[in-house]
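Novice: One file is attached below, run_31.txt, containing compact mmCIF, C-alpha atoms and all ligand atoms.
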```txt
# COMPACT_ATOMS: atom_id res chain seq x y z
CA MET A 1 0.00 0.00 0.00
CA VAL A 2 1.30 3.50 -0.88
CA SER A 3 1.60 5.90 2.03
CA GLY A 4 0.41 9.51 2.01
CA MET A 5 4.08 10.70 1.96
CA SER A 6 4.75 8.59 -1.17
CA LEU A 7 1.76 10.07 -2.97
CA THR A 8 3.01 13.59 -2.24
CA LEU A 9 6.44 12.76 -3.65
CA LEU A 10 4.94 11.15 -6.71
CA ASP A 11 2.75 14.20 -7.38
CA ARG A 12 5.73 16.58 -7.12
CA SER A 13 7.84 14.40 -9.41
CA ASP A 14 5.11 14.25 -12.05
CA ALA A 15 4.67 18.01 -11.96
CA GLU A 16 8.39 18.55 -12.61
CA ALA A 17 8.45 16.05 -15.48
CA ALA A 18 5.46 17.65 -17.25
CA PRO A 19 5.45 21.45 -17.01
CA ALA A 20 2.15 23.17 -17.65
CA PRO A 21 1.62 23.33 -21.43
CA VAL A 22 1.92 26.73 -23.07
CA ASN A 23 -0.72 27.51 -25.66
CA THR A 24 1.29 28.61 -28.68
CA ASN A 25 -1.70 28.43 -31.00
CA GLY A 26 -3.19 31.74 -30.02
CA PRO A 27 -5.37 33.52 -30.39
CA PHE A 28 -2.89 36.03 -31.76
CA LYS A 29 -3.61 39.43 -33.22
CA ILE A 30 -3.33 39.90 -36.95
CA GLU A 31 -4.30 42.57 -39.48
CA LEU A 32 -5.40 41.46 -42.91
CA HIS A 33 -5.94 43.79 -45.87
CA VAL A 34 -8.78 42.39 -47.92
CA ASN A 35 -10.44 44.13 -50.86
CA GLY A 36 -9.05 47.48 -49.71
CA ARG A 37 -10.29 47.14 -46.12
CA ARG A 38 -8.28 46.46 -42.98
CA HIS A 39 -9.50 43.70 -40.68
CA GLN A 40 -8.19 43.32 -37.12
CA LEU A 41 -8.57 39.71 -36.05
CA ALA A 42 -7.60 37.37 -33.23
CA LEU A 43 -6.88 33.97 -34.72
CA ASP A 44 -5.49 30.59 -33.85
CA VAL A 45 -2.04 30.48 -35.47
CA ARG A 46 -3.13 27.51 -37.59
CA THR A 47 -6.06 29.35 -39.22
CA THR A 48 -6.01 29.21 -42.99
CA LEU A 49 -6.68 32.29 -45.06
CA LEU A 50 -9.82 30.58 -46.38
CA ASP A 51 -11.22 30.07 -42.88
CA ALA A 52 -10.23 33.60 -41.86
CA LEU A 53 -12.15 34.98 -44.84
CA ARG A 54 -15.21 32.81 -44.43
CA GLU A 55 -15.49 32.33 -40.67
CA HIS A 56 -13.99 35.55 -39.30
CA MET A 57 -14.73 38.20 -41.95
CA GLY A 58 -18.00 36.94 -43.40
CA LEU A 59 -16.53 36.81 -46.91
CA THR A 60 -18.08 33.55 -48.07
CA GLY A 61 -17.55 34.08 -51.79
CA SER A 62 -14.38 31.98 -51.70
CA LYS A 63 -15.57 28.38 -51.51
CA LYS A 64 -14.29 25.40 -49.57
CA GLY A 65 -14.41 22.52 -52.01
CA CYS A 66 -11.75 20.06 -50.92
CA ASP A 67 -9.73 22.02 -48.31
CA HIS A 68 -6.68 20.15 -49.64
CA GLY A 69 -5.43 22.16 -52.59
CA GLN A 70 -7.06 19.96 -55.19
CA CYS A 71 -10.06 21.83 -56.61
CA GLY A 72 -9.30 25.57 -56.87
CA ALA A 73 -12.65 26.68 -55.41
CA CYS A 74 -10.85 28.73 -52.75
CA THR A 75 -8.64 30.72 -55.16
CA VAL A 76 -7.91 34.34 -54.21
CA LEU A 77 -5.22 36.84 -55.16
CA ILE A 78 -2.42 37.98 -52.89
CA GLY A 79 -0.47 40.88 -54.33
CA GLY A 80 -2.15 40.14 -57.65
CA LYS A 81 -0.91 36.53 -57.75
CA ARG A 82 -3.35 33.67 -57.37
CA VAL A 83 -3.10 31.41 -54.36
CA LEU A 84 -5.12 28.59 -52.89
CA SER A 85 -6.42 30.11 -49.69
CA CYS A 86 -7.06 26.68 -48.15
CA LEU A 87 -3.30 26.00 -48.25
CA THR A 88 -2.27 29.49 -47.12
CA LEU A 89 -1.96 30.42 -43.48
CA ALA A 90 -3.73 33.67 -42.67
CA ALA A 91 -0.60 34.82 -40.85
CA SER A 92 1.43 34.62 -44.04
CA ALA A 93 -0.94 37.10 -45.73
CA GLU A 94 -0.55 39.74 -43.04
CA GLY A 95 0.17 43.18 -44.49
CA ARG A 96 -0.34 42.02 -48.08
CA ASP A 97 -3.20 42.94 -50.40
CA VAL A 98 -5.70 40.13 -50.61
CA THR A 99 -8.41 40.23 -53.27
CA THR A 100 -11.42 37.95 -53.20
CA ILE A 101 -14.36 37.61 -55.55
CA GLU A 102 -16.20 40.22 -53.44
CA GLY A 103 -13.52 42.78 -54.31
CA LEU A 104 -13.58 42.48 -58.10
CA ALA A 105 -16.56 44.66 -58.98
CA GLY A 106 -16.22 48.43 -59.00
CA ALA A 107 -17.44 50.60 -56.14
CA ASP A 108 -20.53 51.45 -58.20
CA GLY A 109 -21.33 47.78 -58.68
CA THR A 110 -19.99 47.54 -62.23
CA LEU A 111 -18.85 44.00 -62.77
CA HIS A 112 -15.23 43.22 -63.55
CA PRO A 113 -14.85 42.30 -67.26
CA MET A 114 -14.16 38.70 -66.23
CA GLN A 115 -17.37 38.50 -64.18
CA GLN A 116 -19.34 39.94 -67.09
CA ALA A 117 -17.70 37.54 -69.53
CA PHE A 118 -18.68 34.54 -67.40
CA ILE A 119 -22.28 35.75 -67.55
CA ASP A 120 -22.13 36.50 -71.27
CA HIS A 121 -20.76 33.03 -72.06
CA ASP A 122 -22.87 31.09 -69.57
CA ALA A 123 -19.64 29.84 -68.03
CA PHE A 124 -21.22 28.19 -65.00
CA GLN A 125 -24.10 25.97 -63.99
CA CYS A 126 -24.33 25.36 -60.23
CA GLY A 127 -21.82 28.17 -59.63
CA TYR A 128 -19.92 26.55 -56.77
CA CYS A 129 -16.56 26.61 -58.54
CA THR A 130 -17.21 29.99 -60.16
CA PRO A 131 -15.58 32.41 -57.68
CA GLY A 132 -12.37 30.38 -57.83
CA GLN A 133 -12.61 30.09 -61.62
CA ILE A 134 -13.01 33.84 -61.98
CA MET A 135 -10.11 34.67 -59.66
CA SER A 136 -7.88 32.22 -61.54
CA ALA A 137 -9.10 33.60 -64.86
CA VAL A 138 -8.18 37.14 -63.82
CA ALA A 139 -4.68 35.95 -62.91
CA CYS A 140 -4.53 33.96 -66.16
CA VAL A 141 -4.81 37.23 -68.07
CA THR A 142 -2.75 39.50 -65.80
CA GLU A 143 0.07 36.97 -65.53
CA GLY A 144 0.18 36.59 -69.32
CA HIS A 145 -1.10 33.04 -69.78
CA ALA A 146 -4.07 33.77 -72.02
CA GLU A 147 -2.44 34.06 -75.45
CA ASN A 148 -4.38 31.12 -76.87
CA GLU A 149 -6.87 28.42 -75.91
CA ALA A 150 -4.17 25.87 -75.03
CA GLN A 151 -2.48 28.30 -72.64
CA ILE A 152 -5.77 29.17 -70.99
CA ARG A 153 -6.71 25.52 -70.56
CA GLU A 154 -3.31 24.71 -69.08
CA TYR A 155 -3.35 27.62 -66.63
CA MET A 156 -6.95 26.97 -65.60
CA SER A 157 -6.46 23.21 -65.21
CA GLY A 158 -6.20 23.46 -61.43
CA ASN A 159 -9.75 24.76 -61.17
CA LEU A 160 -12.14 21.85 -61.34
CA CYS A 161 -15.77 22.16 -62.44
CA ARG A 162 -18.09 19.26 -61.76
CA CYS A 163 -20.61 20.82 -64.14
CA ALA A 164 -17.98 20.69 -66.91
CA ALA A 165 -18.42 24.29 -68.04
CA TYR A 166 -14.86 24.29 -69.36
CA PRO A 167 -15.49 25.32 -73.02
CA ASN A 168 -17.59 28.29 -71.89
CA ILE A 169 -14.96 29.29 -69.32
CA VAL A 170 -12.30 29.39 -72.03
CA ASP A 171 -14.58 31.54 -74.19
CA ALA A 172 -15.15 33.89 -71.25
CA VAL A 173 -11.42 34.30 -70.66
CA GLN A 174 -10.89 35.02 -74.36
CA GLN A 175 -13.50 37.77 -74.24
CA ALA A 176 -12.33 39.34 -70.99
CA LYS A 177 -8.66 39.43 -71.90
CA THR A 178 -9.38 41.87 -74.71
CA GLN A 179 -11.29 44.19 -72.39
CA MET A 180 -8.75 43.86 -69.57
CA LYS A 181 -5.86 44.73 -71.87
CA GLY A 182 -7.77 47.80 -73.04
CA ALA A 183 -8.62 48.84 -69.48
S1 LIG A 201 -10.76 24.24 -51.28
FE1 LIG A 201 -8.77 24.96 -51.73
S2 LIG A 201 -8.15 23.81 -53.46
FE2 LIG A 201 -10.08 22.96 -52.91
S1 LIG A 202 -20.43 25.42 -62.30
FE1 LIG A 202 -20.90 23.72 -61.03
S2 LIG A 202 -18.96 23.01 -60.34
FE2 LIG A 202 -18.49 24.52 -61.84
```
I'd like the structure from this file rewritten - as structure tokens, please.
Ligand code: FES
Ligand code: FES
Specialist:
Amino acid sequence: MVSGMSLTLLDRSDAEAAPAPVNTNGPFKIELHVNGRRHQLALDVRTTLLDALREHMGLTGSKKGCDHGQCGACTVLIGGKRVLSCLTLAASAEGRDVTTIEGLAGADGTLHPMQQAFIDHDAFQCGYCTPGQIMSAVACVTEGHAENEAQIREYMSGNLCRCAAYPNIVDAVQQAKTQMKGA
């Protein structure tokens, strides 16, 4: 049988072997610049940019399809370059300009040429992939990968569409690139 003295010693020994855990996951303070607005947030350090947008800023235009970098539904722009927000930590976007589908239209509500082109060419059906498709399509043009259909298809190949609107999406990019270059 273990005496009371032994129990006390055991407790002290255990406490020394296992110091109280320190919570390094936050919440920590972060400022994100999204669509021209500053957002002060307190986030777990592991929060993805996609979850920060959707769960902490109410910007639900960017979609969570796979959450594993496989579908492109979560595509946004950081500093004008496309990224998969489900694979990007919110902390890594701090101080950089993030653009989501909600930030594409003009202040007066005028659609971005790429948004209008998707409508004109019926480039969606259910629409779930569409925000990611449009953000990728914008980058396709601005990064210079829209010279011909083959280039567009290659660049856009990471954005999956279960409704198979691919031919119409290519047509939309072809239309918008002309307007974007003239803008
Ligand atoms: S949700 Fe990010 S790639 Fe699918
Ligand atoms: S429009 Fe339905 S998944 Fe693309």
Novice: Can you tell me which residues sit at most 7 Å away from ligand LIG 202 (chain A), counting all atoms listed in the file, written as an MDAnalysis selection string?
Specialist: chainID A and resid 124:130 160:165
Novice: Smallest atom-to-atom distance to Lys64 of chain A: which of A:Leu84, A:Ala137, A:Leu43, A:Ala91, using all atoms listed in the file?
Specialist: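 Among A:Leu84, A:Ala137, A:Leu43, A:Ala91, it is A:Leu84 that comes nearest to Lys64 of chain A.
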Novice: Just want the 7 Å neighbourhood of Asn159 of chain A, counted on all atoms listed in the file, with same-chain residues fewer than 3 positions away dropped. Output as a PyMOL selection string.
Specialist: chain A and resi 71-73+133+156
Novice: Which is closest to Asp120 of chain A among A:Cys86, A:Val98, A:Ala176, A:Ala139, if we use all atoms listed in the file?
Specialist: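 Looking at the shortest contact to Asp120 of chain A, the residue is A:Ala176.
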Novice: Of the candidates A:Leu41, A:Ile30, A:Ala93, A:Val173, which one gets nearest to Gly144 of chain A if we count all atoms listed in the file?
Specialist: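 Using all atoms listed in the file, the shortest distance to Gly144 of chain A belongs to A:Val173.
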Novice: Env of Arg54 of chain A: 12 Å cut, atoms = all atoms listed in the file, seq-sep filter 2 positions within chain, self excluded. Answer as a PyMOL selection string.
Specialist: chain A and resi 47-52+56-64+74+85-86+90+100+102
Novice: Pick the closest to Val34 of chain A from A:Gln174, A:Ser157, A:Gln151, A:Thr99: which is it, counting only C-alpha atoms?
Specialist: A:Thr99
Novice: Nearest residue to Met114 of chain A out of A:Lys177, A:Lys81, A:Arg46, A:His39, using all atoms listed in the file?
Specialist: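 Closest to Met114 of chain A of all the choices is A:Lys177.
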Novice: Find the distance between atom CA of Ile78 of chain A and atom CA of Asp97 of chain A and write it in Å to one decimal.
Specialist: 5.6 Å
Novice: Select, from A:Val45, A:Met135, A:Cys66, A:Leu53, the residue with the minimum atom-to-atom distance to Val83 of chain A, counting all atoms listed in the file.
Specialist: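 Of all the options, A:Met135 lies closest to Val83 of chain A.
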Novice: Tell me, in Å to one decimal, how far atom CA of Gln179 of chain A is from atom CA of Thr75 of chain A.
Specialist: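 These two atoms are separated by 22.0 Å.
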Novice: How many Å separate atom FE2 of ligand LIG 201 (chain A) from atom CA of Gly158 of chain A?
Specialist: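 Computing it gives 9.4 Å between the two atoms.
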Novice: Extending 4 Å beyond the listed atoms of ligand LIG 201 (chain A) on each side, what axis-aligned box results? I want centre and edge lengths in Å to one decimal, as lines of an AutoDock Vina configuration file.
Specialist:
```
center_x = -9.5
center_y = 24.0
center_z = -52.4
size_x = 10.6
size_y = 10.0
size_z = 10.2
```
Novice: Could you list, as a PyMOL selection string, every residue within 10 Å of His112 of chain A, counting all atoms listed in the file and ignoring same-chain residues fewer than 6 positions away?
Specialist: chain A and resi 101+103-106+134+138+176+179-180
Novice: Residues as selected, C-alpha atoms, written as a compact mmCIF listing (two decimals), in the coordinates of the input, can you do that?
Specialist:
```
# COMPACT_ATOMS: atom_id res chain seq x y z
CA ILE A 101 -14.36 37.61 -55.55
CA GLY A 103 -13.52 42.78 -54.31
CA LEU A 104 -13.58 42.48 -58.10
CA ALA A 105 -16.56 44.66 -58.98
CA GLY A 106 -16.22 48.43 -59.00
CA ILE A 134 -13.01 33.84 -61.98
CA VAL A 138 -8.18 37.14 -63.82
CA ALA A 176 -12.33 39.34 -70.99
CA GLN A 179 -11.29 44.19 -72.39
CA MET A 180 -8.75 43.86 -69.57
```
